[in-house]
$ cat upload-v2.cif   # mmCIF, C-alpha atoms
data_run
loop_
_atom_site.label_atom_id
_atom_site.label_comp_id
_atom_site.auth_asym_id
_atom_site.auth_seq_id
_atom_site.Cartn_x
_atom_site.Cartn_y
_atom_site.Cartn_z
CA GLY A 1 9.77 33.02 -11.56
CA ASN A 2 9.43 29.30 -12.01
CA SER A 3 7.35 27.20 -9.65
CA VAL A 4 5.67 23.83 -9.33
CA THR A 5 2.49 23.15 -7.40
CA GLN A 6 1.49 19.64 -6.42
CA MET A 7 -1.61 18.36 -4.71
CA GLU A 8 -1.28 18.15 -0.94
CA GLY A 9 -0.75 14.75 0.55
CA PRO A 10 -0.75 12.30 2.04
CA VAL A 11 -2.75 10.19 -0.36
CA THR A 12 -3.93 6.77 0.82
CA LEU A 13 -5.32 4.29 -1.69
CA SER A 14 -6.27 0.67 -1.68
CA GLU A 15 -4.35 -1.71 -3.90
CA GLU A 16 -5.54 -1.68 -7.53
CA ALA A 17 -7.11 1.76 -7.18
CA PHE A 18 -6.61 4.48 -9.81
CA LEU A 19 -4.05 7.15 -8.96
CA THR A 20 -3.88 10.78 -10.00
CA ILE A 21 -1.41 13.23 -8.52
CA ASN A 22 -1.97 16.73 -9.87
CA CYS A 23 0.93 18.96 -10.86
CA THR A 24 0.76 22.42 -12.37
CA TYR A 25 3.61 24.75 -13.14
CA THR A 26 4.52 28.35 -13.79
CA ALA A 27 7.50 28.94 -16.03
CA THR A 28 9.09 31.84 -17.86
CA GLY A 29 10.06 29.71 -20.83
CA TYR A 30 9.34 26.26 -22.22
CA PRO A 31 10.22 23.75 -19.54
CA SER A 32 11.08 20.10 -19.53
CA LEU A 33 8.91 18.32 -16.97
CA PHE A 34 9.78 15.45 -14.68
CA TRP A 35 8.34 13.16 -12.06
CA TYR A 36 10.78 11.86 -9.46
CA VAL A 37 9.96 9.18 -6.89
CA GLN A 38 11.52 8.68 -3.47
CA TYR A 39 11.02 5.26 -1.93
CA PRO A 40 11.47 4.94 1.85
CA GLY A 41 15.13 5.24 2.80
CA GLU A 42 16.30 5.85 -0.76
CA GLY A 43 17.29 8.79 -2.92
CA LEU A 44 15.07 10.37 -5.53
CA GLN A 45 14.85 8.48 -8.80
CA LEU A 46 13.64 9.76 -12.12
CA LEU A 47 10.29 8.13 -12.86
CA LEU A 48 9.43 9.75 -16.18
CA LYS A 49 9.91 12.92 -18.18
CA ALA A 50 8.54 14.95 -21.08
CA THR A 51 10.41 17.64 -22.96
CA LYS A 52 7.75 19.32 -25.10
CA ALA A 53 4.04 19.95 -25.27
CA ASP A 54 1.81 16.90 -25.80
CA ASP A 55 4.66 14.49 -25.01
CA LYS A 56 3.66 11.60 -22.77
CA GLY A 57 6.19 10.19 -20.36
CA SER A 58 5.63 6.67 -19.11
CA ASN A 59 7.39 4.16 -16.88
CA LYS A 60 6.38 1.29 -14.57
CA GLY A 61 2.70 1.78 -15.45
CA PHE A 62 2.80 5.49 -14.59
CA GLU A 63 1.99 8.12 -17.21
CA ALA A 64 2.01 11.89 -17.42
CA THR A 65 1.19 14.12 -20.38
CA TYR A 66 2.73 17.57 -20.87
CA ARG A 67 -0.27 19.90 -21.27
CA LYS A 68 0.87 23.34 -22.29
CA GLU A 69 -2.64 24.77 -22.48
CA THR A 70 -3.33 23.94 -18.84
CA THR A 71 0.35 24.11 -17.71
CA SER A 72 -0.06 20.70 -16.14
CA PHE A 73 1.77 17.38 -15.89
CA HIS A 74 -0.51 15.16 -13.84
CA LEU A 75 0.77 11.72 -12.83
CA GLU A 76 -1.56 8.77 -13.32
CA LYS A 77 -1.54 5.02 -12.81
CA GLY A 78 -4.43 2.72 -13.51
CA SER A 79 -3.83 0.19 -10.75
CA VAL A 80 -1.49 0.96 -7.87
CA GLN A 81 0.42 -1.63 -5.86
CA VAL A 82 1.72 -1.59 -2.30
CA SER A 83 5.22 -1.24 -3.75
CA ASP A 84 4.23 2.14 -5.23
CA SER A 85 4.12 3.64 -1.74
CA ALA A 86 6.58 6.52 -1.91
CA VAL A 87 6.87 10.30 -2.15
CA TYR A 88 6.37 11.68 -5.65
CA PHE A 89 7.92 14.97 -6.78
CA CYS A 90 7.02 16.97 -9.85
CA ALA A 91 9.82 19.13 -11.25
CA LEU A 92 10.67 21.38 -14.16
CA LYS A 93 13.77 22.66 -15.88
CA ILE A 94 13.97 25.58 -18.25
CA GLY A 95 16.06 25.46 -21.37
CA ALA A 96 18.79 23.26 -22.73
CA GLY A 97 21.46 25.40 -21.11
CA SER A 98 19.98 25.24 -17.63
CA TYR A 99 20.80 22.77 -14.92
CA GLN A 100 18.56 23.79 -12.04
CA LEU A 101 15.51 21.70 -11.34
CA THR A 102 12.59 23.39 -9.61
CA PHE A 103 10.67 20.89 -7.48
CA GLY A 104 7.22 20.74 -6.01
CA LYS A 105 6.78 19.94 -2.31
CA GLY A 106 6.16 16.26 -2.94
CA THR A 107 3.10 14.07 -2.45
CA LYS A 108 3.27 11.07 -0.16
CA LEU A 109 1.38 8.04 -1.43
CA SER A 110 0.50 5.10 0.78
CA VAL A 111 -1.06 2.03 -0.80
CA ILE A 112 -2.74 -0.41 1.55
CA PRO A 113 -3.47 -4.07 0.74
CA GLY B 1 30.39 3.27 -6.97
CA ALA B 2 27.05 2.21 -8.35
CA GLY B 3 25.16 5.14 -6.91
CA VAL B 4 25.54 8.47 -5.16
CA SER B 5 26.76 7.90 -1.63
CA GLN B 6 26.18 10.36 1.18
CA SER B 7 27.44 10.40 4.75
CA PRO B 8 26.48 10.59 7.48
CA SER B 9 22.95 9.38 6.91
CA ASN B 10 21.89 11.01 10.16
CA LYS B 11 23.52 13.78 12.15
CA VAL B 12 22.32 15.33 15.38
CA THR B 13 24.19 18.39 16.54
CA GLU B 14 23.87 21.22 18.99
CA LYS B 15 23.08 24.73 17.92
CA GLY B 16 26.26 26.65 17.15
CA LYS B 17 28.36 23.65 16.15
CA ASP B 18 29.81 23.15 12.67
CA VAL B 19 28.87 20.13 10.55
CA GLU B 20 30.25 18.57 7.40
CA LEU B 21 28.22 16.47 5.01
CA ARG B 22 29.90 14.36 2.39
CA CYS B 23 28.82 13.31 -1.09
CA ASP B 24 30.52 10.75 -3.28
CA PRO B 25 29.00 11.01 -6.77
CA ILE B 26 28.77 8.37 -9.46
CA SER B 27 32.18 7.82 -11.00
CA GLY B 28 32.56 9.84 -14.17
CA HIS B 29 29.71 12.23 -13.45
CA THR B 30 31.00 15.74 -13.99
CA ALA B 31 28.03 17.62 -12.54
CA LEU B 32 27.22 17.61 -8.83
CA TYR B 33 24.32 19.30 -7.04
CA TRP B 34 23.30 19.91 -3.45
CA TYR B 35 19.64 20.36 -2.55
CA ARG B 36 17.92 20.83 0.80
CA GLN B 37 14.62 19.19 1.68
CA SER B 38 12.91 20.80 4.64
CA LEU B 39 9.81 19.40 6.33
CA GLY B 40 6.76 20.19 4.23
CA GLN B 41 8.82 21.97 1.58
CA GLY B 42 10.04 21.05 -1.84
CA LEU B 43 13.65 20.57 -2.70
CA GLU B 44 15.61 23.79 -2.50
CA PHE B 45 18.64 24.19 -4.78
CA LEU B 46 21.82 25.05 -2.89
CA ILE B 47 24.89 24.75 -5.10
CA TYR B 48 26.06 23.25 -8.39
CA PHE B 49 29.50 22.09 -9.56
CA GLN B 50 30.37 21.32 -13.16
CA GLY B 51 33.86 20.09 -13.96
CA ASN B 52 36.49 22.72 -13.30
CA SER B 53 34.12 25.66 -13.73
CA ALA B 54 33.34 28.03 -10.90
CA PRO B 55 30.42 26.65 -8.90
CA ASP B 56 26.99 28.25 -8.92
CA LYS B 57 26.48 29.17 -5.26
CA SER B 58 23.34 31.19 -5.82
CA GLY B 59 21.15 28.90 -3.72
CA LEU B 60 23.21 28.95 -0.53
CA PRO B 61 20.96 30.53 2.13
CA SER B 62 23.67 32.32 4.09
CA ASP B 63 27.43 32.72 4.41
CA ARG B 64 27.39 29.99 7.05
CA PHE B 65 26.98 27.52 4.19
CA SER B 66 29.86 26.54 1.94
CA ALA B 67 30.77 23.63 -0.28
CA GLU B 68 33.78 22.36 -2.09
CA ARG B 69 34.49 19.64 -4.53
CA THR B 70 37.97 18.19 -4.53
CA GLY B 71 39.50 16.65 -7.61
CA GLY B 72 36.22 16.86 -9.47
CA SER B 73 34.78 14.03 -7.41
CA VAL B 74 33.86 14.05 -3.70
CA SER B 75 32.04 17.09 -2.37
CA THR B 76 31.70 18.39 1.17
CA LEU B 77 28.93 20.72 2.31
CA THR B 78 29.86 22.62 5.46
CA ILE B 79 27.43 24.44 7.72
CA GLN B 80 29.04 26.67 10.32
CA ARG B 81 27.41 27.76 13.58
CA THR B 82 24.34 25.64 12.89
CA GLN B 83 20.89 26.98 13.68
CA GLN B 84 17.67 25.08 14.31
CA GLU B 85 16.27 26.21 10.96
CA ASP B 86 19.13 24.34 9.28
CA SER B 87 17.45 21.07 10.27
CA ALA B 88 16.59 19.30 7.03
CA VAL B 89 17.58 16.48 4.72
CA TYR B 90 20.50 17.48 2.54
CA LEU B 91 20.45 15.72 -0.81
CA CYS B 92 23.31 15.35 -3.23
CA ALA B 93 22.86 14.46 -6.88
CA SER B 94 25.13 13.96 -9.84
CA SER B 95 24.68 13.79 -13.58
CA SER B 96 26.83 12.92 -16.52
CA ARG B 97 26.18 16.14 -18.39
CA VAL B 98 24.70 19.56 -17.89
CA ALA B 99 22.05 19.22 -20.56
CA GLY B 100 21.94 17.41 -23.80
CA ALA B 101 19.69 17.77 -26.79
CA GLY B 102 16.21 18.36 -25.52
CA GLY B 103 17.55 19.70 -22.24
CA ALA B 104 16.43 16.74 -20.17
CA ASN B 105 19.50 15.83 -18.15
CA VAL B 106 18.86 13.15 -15.56
CA LEU B 107 20.00 13.55 -11.99
CA THR B 108 20.82 10.59 -9.76
CA PHE B 109 20.26 11.37 -6.10
CA GLY B 110 21.79 9.98 -2.96
CA ALA B 111 19.66 8.91 -0.01
CA GLY B 112 20.43 12.13 1.81
CA SER B 113 21.90 13.25 5.11
CA ARG B 114 19.31 14.08 7.74
CA LEU B 115 20.54 16.94 9.93
CA THR B 116 18.88 17.73 13.24
CA VAL B 117 20.00 20.82 15.13
CA LEU B 118 18.94 20.83 18.76
#
$ encode --input "upload-v2.cif" --output "structure tokens"
Amino acid sequence: GNSVTQMEGPVTLSEEAFLTINCTYTATGYPSLFWYVQYPGEGLQLLLKATKADDKGSNKGFEATYRKETTSFHLEKGSVQVSDSAVYFCALKIGAGSYQLTFGKGTKLSVIP
Amino acid sequence: GAGVSQSPSNKVTEKGKDVELRCDPISGHTALYWYRQSLGQGLEFLIYFQGNSAPDKSGLPSDRFSAERTGGSVSTLTIQRTQQEDSAVYLCASSSRVAGAGGANVLTFGAGSRLTVL
């Protein structure tokens, strides 16, 4: 079946530190890959996505590259801010005709001044 | 409205009682999804509605769970005879299409309804 594995949290970083949140996946086909972010008290929001191998999704200084050879989609940011404190979810979807997203367990990030 | 609205935001109930959770999707979005977020777990797919098609109920964990979507808009998730393991955050999402070219449909989520069963 399809599954997503994220690094365990919580992750605590100082402001301006470099962030990596690891995400690997298992899929029966060729998935589209997503990172969603959930800020405190809010719903999940799409942060970035990639639909095929070697694509790089980017938004708000965050980046993730679809690596088919390592089945990974690690999230990175060069310099985090306090406002980046949130829970980050990696997710995948198989095929153009599918609608189900398979999510990882989420990684809580806390950025301290 | 501007976003997906869910109510109540918090619900505390006693074991054995029935609860109803409401989702008001973004106007014009034809697809609506319910997910469950349990402590320490990822999001678990529950049910999916698309237009007038029969819903995909494959994720509902038991026959105590049901959902309906009236008039292609508002949806209600009902949990009968609640159990403590039903305690979770129930998330609703909507999207404007099932999947377009490239298969990367975007879901907009509500803030969730936190259910606590005592």
$ residues_around --input "upload-v2.cif" --residues "Leu33 of chain A" --least-positions-apart "5" --cutoff "12 Å" --atoms "all atoms listed in the file" --output "ChimeraX atom specification"
/A:3-4,23-27,46-57,64-68,71-75,89-95,101-104 /B:102-106
$ resolve_selection --input "upload-v2.cif" --expression "the PyMOL selection byres ((chain B and resi 62) around 12)" --output "NGL selection string"
:B and (46-47 or 57-61 or 63-66 or 78-83 or 85-86)
$ resolve_selection --input "upload-v2.cif" --expression "the PyMOL selection byres ((chain B and resi 52) around 9)" --output "ChimeraX atom specification"
/B:30,49-51,53-55,71-72
$ closest_residue --input "upload-v2.cif" --among "B:Phe109, B:Tyr48, B:Tyr33, B:Tyr90" --to "chain A" --atoms "all atoms listed in the file"
B:Phe109
$ atom_distance --input "upload-v2.cif" --atom1 "atom CA of Ser79 of chain A" --atom2 "atom CA of Gly42 of chain B"
26.6 Å
$ resolve_selection --input "upload-v2.cif" --expression "the PyMOL selection byres ((chain A and resi 10) around 7)" --output "ChimeraX atom specification"
/A:8-9,11-12,107-109
$ atom_distance --input "upload-v2.cif" --atom1 "atom CA of Gly106 of chain A" --atom2 "atom CA of Thr28 of chain A"
21.8 Å
$ residues_around --input "upload-v2.cif" --residues "Pro8 of chain B" --least-positions-apart "2" --cutoff "10 Å" --atoms "only C-alpha atoms" --output "list of chain:residue names"
B:Ser5, B:Gln6, B:Asn10, B:Lys11, B:Glu20, B:Leu21, B:Arg22, B:Cys23, B:Gly112, B:Ser113, B:Arg114, B:Leu115
$ residues_around --input "upload-v2.cif" --residues "segment 85-87 of chain A" --least-positions-apart "2" --cutoff "6 Å" --atoms "all atoms listed in the file" --output "list in words"
Val37, Gln38, Tyr39, Val82, Ser83, Thr107, Lys108, Leu109, Ser110 and Val111 of chain A
$ atom_distance --input "upload-v2.cif" --atom1 "atom CA of Ser14 of chain A" --atom2 "atom CA of Thr70 of chain A"
29.1 Å
$ closest_residue --input "upload-v2.cif" --among "A:Pro113, A:Gly61, A:Gly1, A:Gly41" --to "Gly29 of chain A" --atoms "only C-alpha atoms"
A:Gly1
$ residues_near_point --input "upload-v2.cif" --point "(22.2, 15.8, 15.9)" --cutoff "6 Å" --atoms "all atoms listed in the file" --output "JSON list (two decimals) with C-alpha atoms, in the coordinates of the input"
[["chain", "number", "residue", "atom", "x", "y", "z"],
["B", 11, "LYS", "CA", 23.52, 13.78, 12.15],
["B", 12, "VAL", "CA", 22.32, 15.33, 15.38],
["B", 13, "THR", "CA", 24.19, 18.39, 16.54],
["B", 116, "THR", "CA", 18.88, 17.73, 13.24],
["B", 117, "VAL", "CA", 20.00, 20.82, 15.13]]
$ decode --input "upload-v2.cif" --residues "segment 58-94 of chain B" --atoms "N, CA and C atoms" --output "PDB file, in the first residue's frame"
ATOM      1  N   SER B  58     -15.190   4.352   2.078  1.00  0.00           N
ATOM      2  CA  SER B  58     -14.276   3.259   2.400  1.00  0.00           C
ATOM      3  C   SER B  58     -13.429   3.504   3.643  1.00  0.00           C
ATOM      4  N   GLY B  59     -13.293   4.755   4.062  1.00  0.00           N
ATOM      5  CA  GLY B  59     -12.457   5.053   5.215  1.00  0.00           C
ATOM      6  C   GLY B  59     -13.196   5.094   6.541  1.00  0.00           C
ATOM      7  N   LEU B  60     -14.506   4.989   6.524  1.00  0.00           N
ATOM      8  CA  LEU B  60     -15.258   5.048   7.775  1.00  0.00           C
ATOM      9  C   LEU B  60     -14.888   3.838   8.637  1.00  0.00           C
ATOM     10  N   PRO B  61     -14.505   4.059   9.899  1.00  0.00           N
ATOM     11  CA  PRO B  61     -13.961   2.965  10.714  1.00  0.00           C
ATOM     12  C   PRO B  61     -14.995   1.962  11.201  1.00  0.00           C
ATOM     13  N   SER B  62     -16.248   2.359  11.286  1.00  0.00           N
ATOM     14  CA  SER B  62     -17.275   1.421  11.740  1.00  0.00           C
ATOM     15  C   SER B  62     -18.626   1.938  11.290  1.00  0.00           C
ATOM     16  N   ASP B  63     -19.666   1.104  11.492  1.00  0.00           N
ATOM     17  CA  ASP B  63     -21.011   1.526  11.083  1.00  0.00           C
ATOM     18  C   ASP B  63     -21.595   2.561  12.036  1.00  0.00           C
ATOM     19  N   ARG B  64     -20.865   2.923  13.078  1.00  0.00           N
ATOM     20  CA  ARG B  64     -21.336   4.017  13.944  1.00  0.00           C
ATOM     21  C   ARG B  64     -21.095   5.378  13.285  1.00  0.00           C
ATOM     22  N   PHE B  65     -20.267   5.375  12.265  1.00  0.00           N
ATOM     23  CA  PHE B  65     -19.923   6.615  11.556  1.00  0.00           C
ATOM     24  C   PHE B  65     -20.753   6.722  10.283  1.00  0.00           C
ATOM     25  N   SER B  66     -21.296   7.902  10.044  1.00  0.00           N
ATOM     26  CA  SER B  66     -21.998   8.156   8.794  1.00  0.00           C
ATOM     27  C   SER B  66     -21.834   9.627   8.448  1.00  0.00           C
ATOM     28  N   ALA B  67     -22.047   9.937   7.190  1.00  0.00           N
ATOM     29  CA  ALA B  67     -21.963  11.332   6.757  1.00  0.00           C
ATOM     30  C   ALA B  67     -22.920  11.551   5.616  1.00  0.00           C
ATOM     31  N   GLU B  68     -23.399  12.774   5.529  1.00  0.00           N
ATOM     32  CA  GLU B  68     -24.229  13.143   4.411  1.00  0.00           C
ATOM     33  C   GLU B  68     -23.867  14.544   3.961  1.00  0.00           C
ATOM     34  N   ARG B  69     -24.225  14.797   2.743  1.00  0.00           N
ATOM     35  CA  ARG B  69     -23.970  16.116   2.184  1.00  0.00           C
ATOM     36  C   ARG B  69     -25.235  16.567   1.485  1.00  0.00           C
ATOM     37  N   THR B  70     -25.860  17.586   2.007  1.00  0.00           N
ATOM     38  CA  THR B  70     -27.144  18.035   1.498  1.00  0.00           C
ATOM     39  C   THR B  70     -26.956  19.133   0.461  1.00  0.00           C
ATOM     40  N   GLY B  71     -27.652  18.978  -0.659  1.00  0.00           N
ATOM     41  CA  GLY B  71     -27.636  20.009  -1.681  1.00  0.00           C
ATOM     42  C   GLY B  71     -26.275  20.277  -2.264  1.00  0.00           C
ATOM     43  N   GLY B  72     -25.374  19.312  -2.132  1.00  0.00           N
ATOM     44  CA  GLY B  72     -24.041  19.486  -2.685  1.00  0.00           C
ATOM     45  C   GLY B  72     -23.207  20.505  -1.965  1.00  0.00           C
ATOM     46  N   SER B  73     -23.626  20.895  -0.743  1.00  0.00           N
ATOM     47  CA  SER B  73     -22.863  21.915  -0.036  1.00  0.00           C
ATOM     48  C   SER B  73     -22.479  21.421   1.355  1.00  0.00           C
ATOM     49  N   VAL B  74     -23.261  21.797   2.363  1.00  0.00           N
ATOM     50  CA  VAL B  74     -22.939  21.480   3.752  1.00  0.00           C
ATOM     51  C   VAL B  74     -22.931  19.979   3.984  1.00  0.00           C
ATOM     52  N   SER B  75     -21.968  19.542   4.794  1.00  0.00           N
ATOM     53  CA  SER B  75     -21.887  18.125   5.146  1.00  0.00           C
ATOM     54  C   SER B  75     -21.947  17.965   6.658  1.00  0.00           C
ATOM     55  N   THR B  76     -22.555  16.865   7.079  1.00  0.00           N
ATOM     56  CA  THR B  76     -22.614  16.521   8.502  1.00  0.00           C
ATOM     57  C   THR B  76     -22.019  15.132   8.705  1.00  0.00           C
ATOM     58  N   LEU B  77     -21.083  15.032   9.618  1.00  0.00           N
ATOM     59  CA  LEU B  77     -20.517  13.749  10.019  1.00  0.00           C
ATOM     60  C   LEU B  77     -21.152  13.372  11.354  1.00  0.00           C
ATOM     61  N   THR B  78     -21.769  12.208  11.404  1.00  0.00           N
ATOM     62  CA  THR B  78     -22.448  11.757  12.614  1.00  0.00           C
ATOM     63  C   THR B  78     -21.733  10.544  13.184  1.00  0.00           C
ATOM     64  N   ILE B  79     -21.492  10.592  14.476  1.00  0.00           N
ATOM     65  CA  ILE B  79     -20.907   9.447  15.183  1.00  0.00           C
ATOM     66  C   ILE B  79     -21.923   9.012  16.231  1.00  0.00           C
ATOM     67  N   GLN B  80     -22.395   7.791  16.099  1.00  0.00           N
ATOM     68  CA  GLN B  80     -23.376   7.265  17.051  1.00  0.00           C
ATOM     69  C   GLN B  80     -22.675   6.476  18.152  1.00  0.00           C
ATOM     70  N   ARG B  81     -23.268   6.499  19.323  1.00  0.00           N
ATOM     71  CA  ARG B  81     -22.779   5.713  20.467  1.00  0.00           C
ATOM     72  C   ARG B  81     -21.271   5.879  20.607  1.00  0.00           C
ATOM     73  N   THR B  82     -20.845   7.112  20.795  1.00  0.00           N
ATOM     74  CA  THR B  82     -19.411   7.433  20.790  1.00  0.00           C
ATOM     75  C   THR B  82     -18.632   6.594  21.797  1.00  0.00           C
ATOM     76  N   GLN B  83     -17.406   6.288  21.409  1.00  0.00           N
ATOM     77  CA  GLN B  83     -16.457   5.559  22.249  1.00  0.00           C
ATOM     78  C   GLN B  83     -15.243   6.446  22.500  1.00  0.00           C
ATOM     79  N   GLN B  84     -14.472   6.118  23.529  1.00  0.00           N
ATOM     80  CA  GLN B  84     -13.313   6.937  23.858  1.00  0.00           C
ATOM     81  C   GLN B  84     -12.301   6.984  22.715  1.00  0.00           C
ATOM     82  N   GLU B  85     -12.201   5.891  21.955  1.00  0.00           N
ATOM     83  CA  GLU B  85     -11.241   5.886  20.845  1.00  0.00           C
ATOM     84  C   GLU B  85     -11.666   6.776  19.680  1.00  0.00           C
ATOM     85  N   ASP B  86     -12.899   7.315  19.763  1.00  0.00           N
ATOM     86  CA  ASP B  86     -13.337   8.264  18.738  1.00  0.00           C
ATOM     87  C   ASP B  86     -12.768   9.655  18.987  1.00  0.00           C
ATOM     88  N   SER B  87     -12.179   9.880  20.146  1.00  0.00           N
ATOM     89  CA  SER B  87     -11.598  11.184  20.461  1.00  0.00           C
ATOM     90  C   SER B  87     -10.505  11.518  19.450  1.00  0.00           C
ATOM     91  N   ALA B  88     -10.654  12.663  18.804  1.00  0.00           N
ATOM     92  CA  ALA B  88      -9.732  13.058  17.741  1.00  0.00           C
ATOM     93  C   ALA B  88     -10.148  14.438  17.251  1.00  0.00           C
ATOM     94  N   VAL B  89      -9.357  14.955  16.320  1.00  0.00           N
ATOM     95  CA  VAL B  89      -9.762  16.159  15.588  1.00  0.00           C
ATOM     96  C   VAL B  89     -10.292  15.706  14.240  1.00  0.00           C
ATOM     97  N   TYR B  90     -11.490  16.123  13.928  1.00  0.00           N
ATOM     98  CA  TYR B  90     -12.117  15.753  12.663  1.00  0.00           C
ATOM     99  C   TYR B  90     -11.994  16.933  11.707  1.00  0.00           C
ATOM    100  N   LEU B  91     -11.320  16.681  10.601  1.00  0.00           N
ATOM    101  CA  LEU B  91     -11.010  17.739   9.644  1.00  0.00           C
ATOM    102  C   LEU B  91     -11.847  17.566   8.384  1.00  0.00           C
ATOM    103  N   CYS B  92     -12.352  18.666   7.911  1.00  0.00           N
ATOM    104  CA  CYS B  92     -13.085  18.694   6.657  1.00  0.00           C
ATOM    105  C   CYS B  92     -12.256  19.483   5.647  1.00  0.00           C
ATOM    106  N   ALA B  93     -12.314  19.075   4.404  1.00  0.00           N
ATOM    107  CA  ALA B  93     -11.609  19.788   3.344  1.00  0.00           C
ATOM    108  C   ALA B  93     -12.484  19.810   2.101  1.00  0.00           C
ATOM    109  N   SER B  94     -12.269  20.793   1.262  1.00  0.00           N
ATOM    110  CA  SER B  94     -12.972  20.826  -0.010  1.00  0.00           C
ATOM    111  C   SER B  94     -12.001  21.202  -1.110  1.00  0.00           C
TER     112      SER B  94
END
